[in-house]
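File shown: work-v1.pdb (PDB, C-alpha atoms and all ligand atoms).
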ATOM      1  CA  GLU A 605      29.888   6.550  14.294
ATOM      2  CA  ARG A 606      27.210   4.413  12.681
ATOM      3  CA  LYS A 607      24.722   7.139  13.474
ATOM      4  CA  ALA A 608      26.911   9.800  11.875
ATOM      5  CA  ALA A 609      27.330   7.703   8.726
ATOM      6  CA  LEU A 610      23.586   7.246   8.482
ATOM      7  CA  ALA A 611      22.908  10.926   9.045
ATOM      8  CA  ALA A 612      25.377  11.793   6.289
ATOM      9  CA  ALA A 613      23.617   9.552   3.816
ATOM     10  CA  THR A 614      20.910  11.603   2.176
ATOM     11  CA  GLY A 615      19.309  11.856  -1.207
ATOM     12  CA  PRO A 616      16.698   9.823  -2.990
ATOM     13  CA  GLY A 617      16.307   6.118  -2.317
ATOM     14  CA  ALA A 618      17.977   3.928  -4.932
ATOM     15  CA  THR A 619      19.783   0.637  -5.366
ATOM     16  CA  SER A 620      23.553   0.721  -5.949
ATOM     17  CA  ASP A 621      22.967   0.549  -9.709
ATOM     18  CA  GLY A 622      20.606   3.522  -9.668
ATOM     19  CA  HIS A 623      17.147   1.907  -9.680
ATOM     20  CA  LYS A 624      15.079   4.547  -7.881
ATOM     21  CA  VAL A 625      12.761   3.620  -5.017
ATOM     22  CA  PRO A 626      11.311   6.761  -3.432
ATOM     23  CA  LEU A 627      11.479   6.615   0.377
ATOM     24  CA  LEU A 628       8.430   8.215   1.916
ATOM     25  CA  ALA A 629       7.234   8.788   5.475
ATOM     26  CA  ASN A 630       4.167   7.573   7.329
ATOM     27  CA  VAL A 631       2.630  10.471   9.277
ATOM     28  CA  GLY A 632      -0.405  10.966  11.483
ATOM     29  CA  GLY A 633      -0.568  14.755  11.125
ATOM     30  CA  PRO A 634       1.494  17.964  11.036
ATOM     31  CA  ALA A 635       3.332  17.035  14.269
ATOM     32  CA  ASP A 636       5.127  14.183  12.481
ATOM     33  CA  VAL A 637       6.357  16.335   9.600
ATOM     34  CA  PRO A 638       9.630  17.703  11.081
ATOM     35  CA  ALA A 639      10.996  14.194  11.707
ATOM     36  CA  ALA A 640      10.066  13.159   8.165
ATOM     37  CA  VAL A 641      11.834  16.177   6.653
ATOM     38  CA  GLU A 642      14.849  15.595   8.907
ATOM     39  CA  ALA A 643      15.107  11.973   7.748
ATOM     40  CA  GLY A 644      15.151  13.138   4.135
ATOM     41  CA  ALA A 645      11.775  11.651   3.223
ATOM     42  CA  GLU A 646      10.922  12.303  -0.420
ATOM     43  CA  GLY A 647       7.347  12.898   0.592
ATOM     44  CA  VAL A 648       4.595  11.217   2.555
ATOM     45  CA  GLY A 649       3.484   7.738   1.513
ATOM     46  CA  LEU A 650       0.778   7.369   4.136
ATOM     47  CA  PHE A 651      -0.963  10.232   5.912
ATOM     48  CA  ARG A 652      -3.210   8.457   8.415
ATOM     49  CA  THR A 653      -5.952  11.085   8.605
ATOM     50  CA  GLU A 654      -7.935   9.211  11.250
ATOM     51  CA  PHE A 655      -5.738  10.756  13.956
ATOM     52  CA  LEU A 656      -7.427  14.091  13.208
ATOM     53  CA  PHE A 657     -10.740  12.410  13.955
ATOM     54  CA  LEU A 658      -9.810  10.441  17.050
ATOM     55  CA  ASP A 659      -9.584  13.497  19.326
ATOM     56  CA  ASP A 660     -13.340  13.777  19.330
ATOM     57  CA  SER A 661     -15.110  10.567  18.459
ATOM     58  CA  LYS A 662     -18.583  12.178  18.592
ATOM     59  CA  SER A 663     -18.258  14.287  15.448
ATOM     60  CA  ALA A 664     -15.942  14.859  12.503
ATOM     61  CA  PRO A 665     -13.538  17.815  12.530
ATOM     62  CA  THR A 666     -14.885  20.761  10.545
ATOM     63  CA  GLU A 667     -13.863  21.250   6.946
ATOM     64  CA  ALA A 668     -11.813  24.306   7.965
ATOM     65  CA  ALA A 669      -9.912  22.358  10.633
ATOM     66  CA  GLN A 670      -9.182  19.643   8.109
ATOM     67  CA  VAL A 671      -7.981  22.126   5.462
ATOM     68  CA  GLU A 672      -5.542  23.571   7.984
ATOM     69  CA  ALA A 673      -4.087  20.207   8.990
ATOM     70  CA  TYR A 674      -3.796  18.916   5.413
ATOM     71  CA  ARG A 675      -2.210  22.154   4.218
ATOM     72  CA  LYS A 676       0.509  21.976   6.883
ATOM     73  CA  VAL A 677       1.536  18.523   5.702
ATOM     74  CA  LEU A 678       1.261  19.375   1.992
ATOM     75  CA  GLU A 679       3.339  22.549   2.378
ATOM     76  CA  ALA A 680       6.222  20.622   3.905
ATOM     77  CA  PHE A 681       6.970  18.777   0.668
ATOM     78  CA  PRO A 682       7.070  21.292  -2.175
ATOM     79  CA  GLU A 683       7.565  19.421  -5.457
ATOM     80  CA  GLY A 684       7.330  16.196  -3.421
ATOM     81  CA  ARG A 685       4.619  13.657  -3.211
ATOM     82  CA  VAL A 686       1.997  13.314  -0.484
ATOM     83  CA  VAL A 687      -0.318  10.306  -0.331
ATOM     84  CA  VAL A 688      -3.304  10.983   1.891
ATOM     85  CA  ARG A 689      -5.408   8.104   3.094
ATOM     86  CA  VAL A 690      -9.034   8.976   3.698
ATOM     87  CA  LEU A 691     -10.449   8.124   7.088
ATOM     88  CA  ASP A 692      -9.867   4.545   8.218
ATOM     89  CA  ALA A 693     -12.317   4.207  11.099
ATOM     90  CA  GLY A 694     -13.609   1.029  12.686
ATOM     91  CA  ALA A 695     -12.021  -2.142  14.064
ATOM     92  CA  ASP A 696      -9.093  -0.978  16.239
ATOM     93  CA  LYS A 697     -10.007   2.701  15.557
ATOM     94  CA  PRO A 698     -13.755   3.016  16.307
ATOM     95  CA  LEU A 699     -15.498   6.398  15.996
ATOM     96  CA  GLU A 700     -18.794   6.843  17.794
ATOM     97  CA  PHE A 701     -20.519   8.673  14.958
ATOM     98  CA  LEU A 702     -19.416   6.168  12.302
ATOM     99  CA  THR A 703     -18.758   2.733  13.721
ATOM    100  CA  PRO A 704     -21.682   0.438  14.588
ATOM    101  CA  ALA A 705     -21.477  -0.432  18.291
ATOM    102  CA  ASP A 706     -22.850  -3.940  18.006
ATOM    103  CA  GLU A 707     -20.548  -5.619  15.513
ATOM    104  CA  PRO A 708     -19.630  -9.144  16.617
ATOM    105  CA  ASN A 709     -16.382  -8.935  14.653
ATOM    106  CA  PRO A 710     -15.321  -5.326  14.018
ATOM    107  CA  ALA A 711     -12.257  -6.239  11.953
ATOM    108  CA  LEU A 712     -14.634  -7.849   9.473
ATOM    109  CA  GLY A 713     -17.331  -5.227   9.798
ATOM    110  CA  VAL A 714     -18.028  -1.705   8.647
ATOM    111  CA  ARG A 715     -14.566  -0.190   8.699
ATOM    112  CA  GLY A 716     -12.340   1.810   6.374
ATOM    113  CA  LEU A 717     -13.891   2.629   3.013
ATOM    114  CA  ARG A 718     -17.017   0.669   3.966
ATOM    115  CA  SER A 719     -17.846   3.152   6.676
ATOM    116  CA  LEU A 720     -17.199   6.149   4.382
ATOM    117  CA  LEU A 721     -19.502   4.770   1.715
ATOM    118  CA  LYS A 722     -22.220   4.516   4.373
ATOM    119  CA  HIS A 723     -21.529   8.138   5.403
ATOM    120  CA  PRO A 724     -20.875   9.893   2.085
ATOM    121  CA  ASP A 725     -21.088  13.305   3.765
ATOM    122  CA  VAL A 726     -17.986  12.527   5.847
ATOM    123  CA  LEU A 727     -16.057  11.412   2.748
ATOM    124  CA  ARG A 728     -17.249  14.428   0.766
ATOM    125  CA  THR A 729     -16.113  16.869   3.454
ATOM    126  CA  GLN A 730     -12.726  15.204   3.592
ATOM    127  CA  LEU A 731     -12.236  15.296  -0.186
ATOM    128  CA  THR A 732     -13.404  18.911  -0.385
ATOM    129  CA  ALA A 733     -11.006  19.870   2.411
ATOM    130  CA  LEU A 734      -8.149  18.157   0.535
ATOM    131  CA  SER A 735      -9.094  19.943  -2.650
ATOM    132  CA  LYS A 736      -8.959  23.312  -0.881
ATOM    133  CA  ALA A 737      -5.759  22.448   0.988
ATOM    134  CA  VAL A 738      -3.817  21.591  -2.166
ATOM    135  CA  ALA A 739      -4.954  24.630  -4.160
ATOM    136  CA  GLY A 740      -1.965  26.623  -5.367
ATOM    137  CA  LEU A 741       0.657  24.254  -3.983
ATOM    138  CA  PRO A 742       3.206  22.565  -6.298
ATOM    139  CA  VAL A 743       2.969  19.305  -4.338
ATOM    140  CA  TYR A 744       1.871  16.144  -6.087
ATOM    141  CA  LEU A 745      -1.241  14.940  -4.226
ATOM    142  CA  GLU A 746      -2.436  11.354  -4.239
ATOM    143  CA  VAL A 747      -5.479  10.152  -2.322
ATOM    144  CA  MET A 748      -6.185   6.546  -1.430
ATOM    145  CA  ALA A 749      -8.890   4.514   0.245
ATOM    146  CA  PRO A 750      -8.276   1.961   3.008
ATOM    147  CA  MET A 751      -9.764  -1.531   2.913
ATOM    148  CA  VAL A 752     -10.705  -1.732  -0.763
ATOM    149  CA  ALA A 753     -12.060  -5.239  -1.389
ATOM    150  CA  ASP A 754     -12.941  -5.251  -5.073
ATOM    151  CA  ARG A 755     -13.492  -3.250  -8.239
ATOM    152  CA  ILE A 756     -16.867  -1.946  -7.064
ATOM    153  CA  ASP A 757     -15.228  -0.431  -3.962
ATOM    154  CA  ALA A 758     -12.503   1.100  -6.125
ATOM    155  CA  LYS A 759     -15.049   2.598  -8.524
ATOM    156  CA  ASP A 760     -17.201   3.996  -5.702
ATOM    157  CA  PHE A 761     -14.140   5.715  -4.251
ATOM    158  CA  ALA A 762     -12.940   7.078  -7.599
ATOM    159  CA  ASP A 763     -16.469   8.395  -8.316
ATOM    160  CA  ALA A 764     -16.553  10.186  -4.961
ATOM    161  CA  CYS A 765     -13.158  11.796  -5.723
ATOM    162  CA  ARG A 766     -14.328  12.928  -9.172
ATOM    163  CA  GLU A 767     -17.597  14.278  -7.775
ATOM    164  CA  ALA A 768     -15.649  16.337  -5.245
ATOM    165  CA  GLY A 769     -13.628  17.805  -8.140
ATOM    166  CA  LEU A 770     -10.401  16.640  -6.552
ATOM    167  CA  ASN A 771      -7.314  17.274  -8.660
ATOM    168  CA  ALA A 772      -5.247  14.287  -7.551
ATOM    169  CA  LYS A 773      -4.422  10.711  -8.399
ATOM    170  CA  PHE A 774      -6.810   8.198  -6.807
ATOM    171  CA  GLY A 775      -5.529   4.920  -5.442
ATOM    172  CA  ALA A 776      -6.531   1.813  -3.528
ATOM    173  CA  MET A 777      -4.860   0.226  -0.557
ATOM    174  CA  VAL A 778      -4.311  -3.498  -0.827
ATOM    175  CA  GLU A 779      -5.076  -4.787   2.671
ATOM    176  CA  ILE A 780      -7.515  -7.568   1.858
ATOM    177  CA  PRO A 781      -6.260 -10.710   0.072
ATOM    178  CA  ALA A 782      -9.093 -10.434  -2.489
ATOM    179  CA  ALA A 783      -7.689  -7.086  -3.596
ATOM    180  CA  ALA A 784      -4.259  -8.596  -4.228
ATOM    181  CA  LEU A 785      -5.767 -11.556  -6.069
ATOM    182  CA  ARG A 786      -7.757  -9.256  -8.358
ATOM    183  CA  ALA A 787      -5.405  -6.265  -8.433
ATOM    184  CA  ARG A 788      -5.678  -5.858 -12.207
ATOM    185  CA  SER A 789      -9.422  -5.512 -11.955
ATOM    186  CA  ILE A 790      -9.078  -2.845  -9.235
ATOM    187  CA  LEU A 791      -6.534  -1.009 -11.388
ATOM    188  CA  GLN A 792      -9.206  -0.482 -14.047
ATOM    189  CA  GLU A 793     -10.679   2.088 -11.648
ATOM    190  CA  VAL A 794      -7.685   3.658  -9.878
ATOM    191  CA  GLU A 795      -4.227   4.860 -10.796
ATOM    192  CA  PHE A 796      -2.078   3.298  -8.109
ATOM    193  CA  LEU A 797      -1.925   0.648  -5.388
ATOM    194  CA  SER A 798      -0.423   0.837  -1.922
ATOM    195  CA  LEU A 799      -0.011  -2.296   0.146
ATOM    196  CA  GLY A 800      -0.959  -2.065   3.811
ATOM    197  CA  THR A 801       0.994  -5.097   4.918
ATOM    198  CA  ASN A 802      -0.213  -4.906   8.534
ATOM    199  CA  ASP A 803      -3.815  -5.545   7.645
ATOM    200  CA  LEU A 804      -2.914  -7.707   4.657
ATOM    201  CA  ALA A 805      -1.053 -10.071   7.021
ATOM    202  CA  GLN A 806      -3.931  -9.992   9.494
ATOM    203  CA  TYR A 807      -6.500 -10.992   6.873
ATOM    204  CA  THR A 808      -4.275 -13.448   5.031
ATOM    205  CA  PHE A 809      -3.445 -15.422   8.161
ATOM    206  CA  ALA A 810      -6.698 -14.849  10.071
ATOM    207  CA  ALA A 811      -4.450 -13.518  12.831
ATOM    208  CA  ASP A 812      -5.607 -10.436  14.735
ATOM    209  CA  ARG A 813      -2.880  -7.765  14.634
ATOM    210  CA  GLU A 814      -3.713  -6.841  18.233
ATOM    211  CA  VAL A 815      -3.229 -10.343  19.610
ATOM    212  CA  GLY A 816       0.346 -11.075  20.631
ATOM    213  CA  ALA A 817      -0.283 -14.814  20.858
ATOM    214  CA  VAL A 818      -0.587 -15.028  17.057
ATOM    215  CA  SER A 819       2.257 -12.652  16.216
ATOM    216  CA  ARG A 820       4.208 -15.413  14.461
ATOM    217  CA  LEU A 821       1.553 -15.244  11.744
ATOM    218  CA  GLN A 822       1.795 -11.459  11.547
ATOM    219  CA  ASP A 823       5.451 -11.642  10.475
ATOM    220  CA  PRO A 824       5.779  -9.676   7.202
ATOM    221  CA  TRP A 825       8.404 -12.183   6.030
ATOM    222  CA  GLN A 826       5.718 -14.867   5.687
ATOM    223  CA  PRO A 827       6.147 -16.243   2.145
ATOM    224  CA  ALA A 828       2.367 -16.195   1.555
ATOM    225  CA  LEU A 829       2.377 -12.458   2.222
ATOM    226  CA  LEU A 830       5.321 -12.018  -0.159
ATOM    227  CA  ASP A 831       3.328 -13.883  -2.825
ATOM    228  CA  LEU A 832       0.448 -11.408  -2.467
ATOM    229  CA  VAL A 833       2.894  -8.499  -2.653
ATOM    230  CA  ALA A 834       4.371  -9.974  -5.840
ATOM    231  CA  MET A 835       0.910 -10.445  -7.362
ATOM    232  CA  SER A 836       0.001  -6.829  -6.699
ATOM    233  CA  ALA A 837       3.312  -5.502  -8.037
ATOM    234  CA  ASP A 838       3.037  -7.653 -11.173
ATOM    235  CA  ALA A 839      -0.510  -6.429 -11.799
ATOM    236  CA  ALA A 840       0.559  -2.798 -11.441
ATOM    237  CA  LYS A 841       3.481  -3.335 -13.795
ATOM    238  CA  ALA A 842       1.208  -4.937 -16.388
ATOM    239  CA  GLU A 843      -1.100  -1.913 -16.162
ATOM    240  CA  GLY A 844       1.772   0.581 -16.240
ATOM    241  CA  LYS A 845       0.883   1.852 -12.763
ATOM    242  CA  SER A 846       2.698   2.122  -9.448
ATOM    243  CA  CYS A 847       2.482  -0.115  -6.408
ATOM    244  CA  GLY A 848       4.000   1.026  -3.105
ATOM    245  CA  VAL A 849       4.181  -0.486   0.366
ATOM    246  CA  CYS A 850       3.170   1.581   3.390
ATOM    247  CA  GLY A 851       2.859  -1.112   6.079
ATOM    248  CA  GLU A 852       5.486  -1.953   8.691
ATOM    249  CA  ALA A 853       7.199  -4.320   6.239
ATOM    250  CA  ALA A 854       8.824  -1.351   4.499
ATOM    251  CA  SER A 855      10.739  -0.349   7.632
ATOM    252  CA  ASP A 856      12.852  -3.532   7.763
ATOM    253  CA  PRO A 857      15.923  -2.683   5.611
ATOM    254  CA  VAL A 858      16.471  -6.246   4.365
ATOM    255  CA  LEU A 859      12.788  -6.742   3.632
ATOM    256  CA  ALA A 860      12.798  -3.360   1.855
ATOM    257  CA  CYS A 861      15.373  -4.823  -0.562
ATOM    258  CA  VAL A 862      13.170  -7.880  -1.077
ATOM    259  CA  LEU A 863      10.110  -5.691  -1.727
ATOM    260  CA  THR A 864      12.162  -3.753  -4.281
ATOM    261  CA  GLY A 865      13.102  -7.043  -5.888
ATOM    262  CA  LEU A 866       9.409  -7.977  -6.058
ATOM    263  CA  GLY A 867       8.741  -4.833  -8.098
ATOM    264  CA  ILE A 868       7.452  -2.454  -5.433
ATOM    265  CA  THR A 869       7.878   1.131  -6.686
ATOM    266  CA  SER A 870       8.011   3.129  -3.426
ATOM    267  CA  LEU A 871       8.423   2.427   0.284
ATOM    268  CA  SER A 872       6.739   4.364   3.073
ATOM    269  CA  MET A 873       7.629   3.959   6.739
ATOM    270  CA  GLY A 874       8.021   5.680  10.092
ATOM    271  CA  ALA A 875      10.618   8.442   9.630
ATOM    272  CA  ALA A 876      13.127   6.808  11.987
ATOM    273  CA  ALA A 877      13.598   3.862   9.618
ATOM    274  CA  ILE A 878      14.305   5.895   6.467
ATOM    275  CA  PRO A 879      18.109   6.342   6.918
ATOM    276  CA  TYR A 880      18.574   2.615   7.555
ATOM    277  CA  VAL A 881      16.497   1.573   4.561
ATOM    278  CA  ARG A 882      18.260   4.128   2.340
ATOM    279  CA  ALA A 883      21.705   2.858   3.427
ATOM    280  CA  THR A 884      20.870  -0.825   2.920
ATOM    281  CA  LEU A 885      19.209  -0.318  -0.455
ATOM    282  CA  ALA A 886      22.240   1.661  -1.656
ATOM    283  CA  LYS A 887      24.480  -1.357  -1.022
ATOM    284  CA  HIS A 888      22.688  -3.740  -3.391
ATOM    285  CA  THR A 889      21.876  -3.894  -7.076
ATOM    286  CA  LEU A 890      18.364  -4.405  -8.357
ATOM    287  CA  ALA A 891      19.410  -7.852  -9.635
ATOM    288  CA  GLN A 892      20.575  -8.817  -6.121
ATOM    289  CA  CYS A 893      17.267  -7.589  -4.692
ATOM    290  CA  GLU A 894      15.440  -9.721  -7.256
ATOM    291  CA  ARG A 895      17.489 -12.784  -6.339
ATOM    292  CA  ALA A 896      16.852 -12.144  -2.624
ATOM    293  CA  ALA A 897      13.123 -11.844  -3.357
ATOM    294  CA  ALA A 898      13.095 -15.141  -5.270
ATOM    295  CA  ALA A 899      14.982 -16.866  -2.434
ATOM    296  CA  ALA A 900      12.546 -15.523   0.161
ATOM    297  CA  ARG A 901       9.503 -16.639  -1.842
ATOM    298  CA  ALA A 902      10.983 -20.130  -2.225
ATOM    299  CA  ALA A 903      11.131 -20.508   1.583
ATOM    300  CA  ASP A 904       8.572 -22.311   3.724
ATOM    301  CA  SER A 905       8.597 -20.044   6.755
ATOM    302  CA  ALA A 906       9.186 -16.434   7.680
ATOM    303  CA  GLU A 907      12.412 -17.304   9.459
ATOM    304  CA  GLU A 908      13.729 -19.256   6.483
ATOM    305  CA  ALA A 909      12.713 -16.465   4.092
ATOM    306  CA  ARG A 910      14.611 -13.893   6.165
ATOM    307  CA  ARG A 911      17.723 -16.062   6.312
ATOM    308  CA  ALA A 912      17.618 -16.893   2.607
ATOM    309  CA  ALA A 913      17.283 -13.236   1.586
ATOM    310  CA  GLN A 914      20.033 -12.178   3.964
ATOM    311  CA  ALA A 915      22.338 -14.870   2.554
ATOM    312  CA  VAL A 916      21.789 -13.636  -1.005
ATOM    313  CA  LEU A 917      22.342  -9.994  -0.059
ATOM    314  CA  SER A 918      25.516 -10.694   1.898
ATOM    315  CA  GLY A 919      26.894 -12.680  -1.054
ATOM    316  CA  GLU A 920      27.068 -16.034   0.750
TER     317      GLU A 920
HETATM  318  C1  LIG B1001      -1.590  -1.392   7.112
HETATM  319  O1  LIG B1001      -2.621  -1.987   7.414
HETATM  320  O2  LIG B1001      -0.508  -1.957   6.801
HETATM  321  C2  LIG B1001      -1.565   0.085   7.075
HETATM  322  C3  LIG B1001      -0.553   0.744   6.536
HETATM  323  O3  LIG B1001      -2.602   0.744   7.652
HETATM  324  P1  LIG B1001      -2.829   0.796   9.258
HETATM  325  O4  LIG B1001      -1.612   0.218   9.900
HETATM  326  O5  LIG B1001      -3.051   2.230   9.565
HETATM  327  O6  LIG B1001      -4.043  -0.044   9.386
HETATM  328 MG    MG B1002      -4.509  -0.893   7.500
END

Reformat the file's structure so that it appears as structure tokens.
Amino acid sequence: ERKAALAAATGPGATSDGHKVPLLANVGGPADVPAAVEAGAEGVGLFRTEFLFLDDSKSAPTEAAQVEAYRKVLEAFPEGRVVVRVLDAGADKPLEFLTPADEPNPALGVRGLRSLLKHPDVLRTQLTALSKAVAGLPVYLEVMAPMVADRIDAKDFADACREAGLNAKFGAMVEIPAAALRARSILQEVEFLSLGTNDLAQYTFAADREVGAVSRLQDPWQPALLDLVAMSADAAKAEGKSCGVCGEAASDPVLACVLTGLGITSLSMGAAAIPYVRATLAKHTLAQCERAAAAARAADSAEEARRAAQAVLSGE
């Protein structure tokens, strides 16, 4: 019964008083598209392109192979929005031809955008393939870089996009605390932000996302993480730009309401979570979401933040 009610609920994400929050899907390639369409995703908020590269870690896929994969995803959302993340190699996703083998601490090493800036040919091929894939399609393409640390990173990425002649919006992922702290500076170079809360939690709490023993610190309800989300959203608002969330945090329906209350402008998640987030968001006003967000930020632990937000949203 609950499943039927959820399946019946479709349409764009919005609070009960009509504040729109586009609900987008995280995908790893064309194979994930049918589930996203089925869930009523309004587009893709995170296309993790590294999955195209992981099949063969010795060399990058050809430009033609990339064009084909990108086009399949782009075609699935006519008039919709697709946010493609350029290759995020390194750390937990090493690639032989890109990632240094001898890093003592790969999570803090040459990964994400850092590795693309060291291998501009790989970035150029990817941007050219995206440019070709989007040609003639009505879709609204956005391209973002993983692991942007500062304004110099953001500028280097935007320059590479311009040089490739890419007709898209360029954005930066906020996954490093420094990027949240100086979000306004980064926004001088790019047009949007997207928070990767998985890595942002990892780097904020110095807690490896792969290590179960420190999972308490990886909890996206941690008030310190919510503070960094709020900082990024405030910066984007001040610059008249958008700031989405594409980490796991967006897939928790109650936390999705809190993120909305913090000023996040879109939420991207695994397709399976979309109906639940849509249904929960539709039950609350923006003002309630804002009160829940304030209550969560006033807490001293993740558990307390969760309880406080839930209490506000259930009208206790
Ligand atoms: C994140 O870090 O939150 C994110 C969305 O990227 P990934 O999980 O692919 O590192
Ligand atoms: Mg990440």

inquiry  = Please expand the PyMOL selection byres (((chain A and resi 863) around 10) and not hetatm) into the concrete residues it hits in this file, giving the result as a ChimeraX atom specification.
reply    = /A:830,833-834,837,848-849,853-854,857-862,864-871,893-894,896-897

inquiry  = What's around stretch 706-714 of chain A at 6 Å? Count all atoms listed in the file, leave out sequence neighbours fewer than 3 positions away in its own chain, and write the answer as JSON, numbers by chain.
reply    = {"A": [695, 718, 719]}

task = List all protein, DNA and RNA residues that have any atom at most 8 Å from ligand LIG 1001 (chain B), counting all atoms listed in the file, and write the list as number ranges by chain.
result = A: 650, 652, 692, 750, 779, 799-804, 849-852

message = Taking 3 positions as the minimum chain separation for residues in the same chain, which residues sit within 9 Å of stretch 877-890 of chain A when counting all atoms listed in the file? Answer as a PyMOL selection string.
response = chain A and resi 610-611+613-623+625+627-629+640+643-645+854-858+860-861+864-865+872-874+893-895+917

ask   = Could you state the separation of atom CA of A:Ser735 and atom CA of A:Leu770 in Å, given to one decimal place?
value =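 These two atoms are separated by 5.3 Å.
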
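The space separating atom CA of A:Lys841 from atom CA of A:Ala782 comes to 18.3 Å.
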
key: From A:Asp757, A:Phe681, A:Tyr744, A:Arg788, residue lying nearest A:Lys773 [all atoms listed in the file]   = A:Tyr744

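Reported to one decimal place, the separation of atom CA of A:Val690 from atom CA of A:Gln826 is 28.1 Å.
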
task = Excluding A:Met777 and residues on its chain fewer than 5 positions from it, collect all residues at most 9 Å away from it, counting all atoms listed in the file, and give them as a ChimeraX atom specification.
result = /A:689,748-752,783,796-800

key: Nearest to A:Val687 by atom-to-atom distance, counting only C-alpha atoms, from A:Thr666, A:Ala899, A:Ala913, A:Thr653   =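 That would be A:Thr653, the residue with the smallest distance to A:Val687.
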
request  = Let me know the residues the PyMOL selection byres (((chain A and resi 781) around 9) and not hetatm) catches in the file above, as number ranges by chain.
outcome  = A: 753, 778-780, 782-786, 804-805, 807-808, 832

inquiry  = Could you list, as a PyMOL selection string, every residue matched by the PyMOL selection byres (((chain A and resi 697) around 10) and not hetatm) in this structure?
reply    = chain A and resi 654-655+657-658+661+692-696+698-700+703+710-711+715-716

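With all atoms listed in the file as the atoms that count, the residue of A:Ala839, A:Ala768, A:Ala876, A:Ala891 with the shortest distance to A:Thr732 is A:Ala768.
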
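Each of A:Ala776, A:Ala906, A:Ala739, A:Val648 was checked against ligand MG 1002 (chain B) using all atoms listed in the file; the smallest atom-to-atom distance is that of A:Ala776.
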
Extract, using only C-alpha atoms, all DNA, RNA and protein residues at most 9 Å from A:Asp636, discarding same-chain residues fewer than 6 positions from it, and format them as a compact mmCIF listing (two decimals) with C-alpha atoms, keeping the file's coordinate frame.
# COMPACT_ATOMS: atom_id res chain seq x y z
CA ASN A 630 4.17 7.57 7.33
CA VAL A 677 1.54 18.52 5.70
CA ALA A 875 10.62 8.44 9.63

Residue with smallest distance to ligand MG 1002 (chain B) - pool A:Leu717, A:Ala635, A:Ser918, A:Arg911, counting all atoms listed in the file =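 Under the stated criterion, the closest residue is A:Leu717.
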
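Shortest separation to ligand MG 1002 (chain B) among A:Leu791, A:Arg813, A:Thr729, A:His723 occurs at residue A:Arg813, atoms counted being only C-alpha atoms and all ligand atoms.
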
task = Pick out the residues sitting within 6 Å of A:Arg755, and hand them over as a PyMOL selection string; count only C-alpha atoms, and ignore anything fewer than 3 positions along from it in its own chain.
result = chain A and resi 758+789-790

Would you mind exporting C-alpha atoms of the selected residues as a compact mmCIF listing (two decimals), in the frame of the given file?
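Contents of part-v9.txt, as written:
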# COMPACT_ATOMS: atom_id res chain seq x y z
CA ALA A 758 -12.50 1.10 -6.12
CA SER A 789 -9.42 -5.51 -11.96
CA ILE A 790 -9.08 -2.84 -9.24
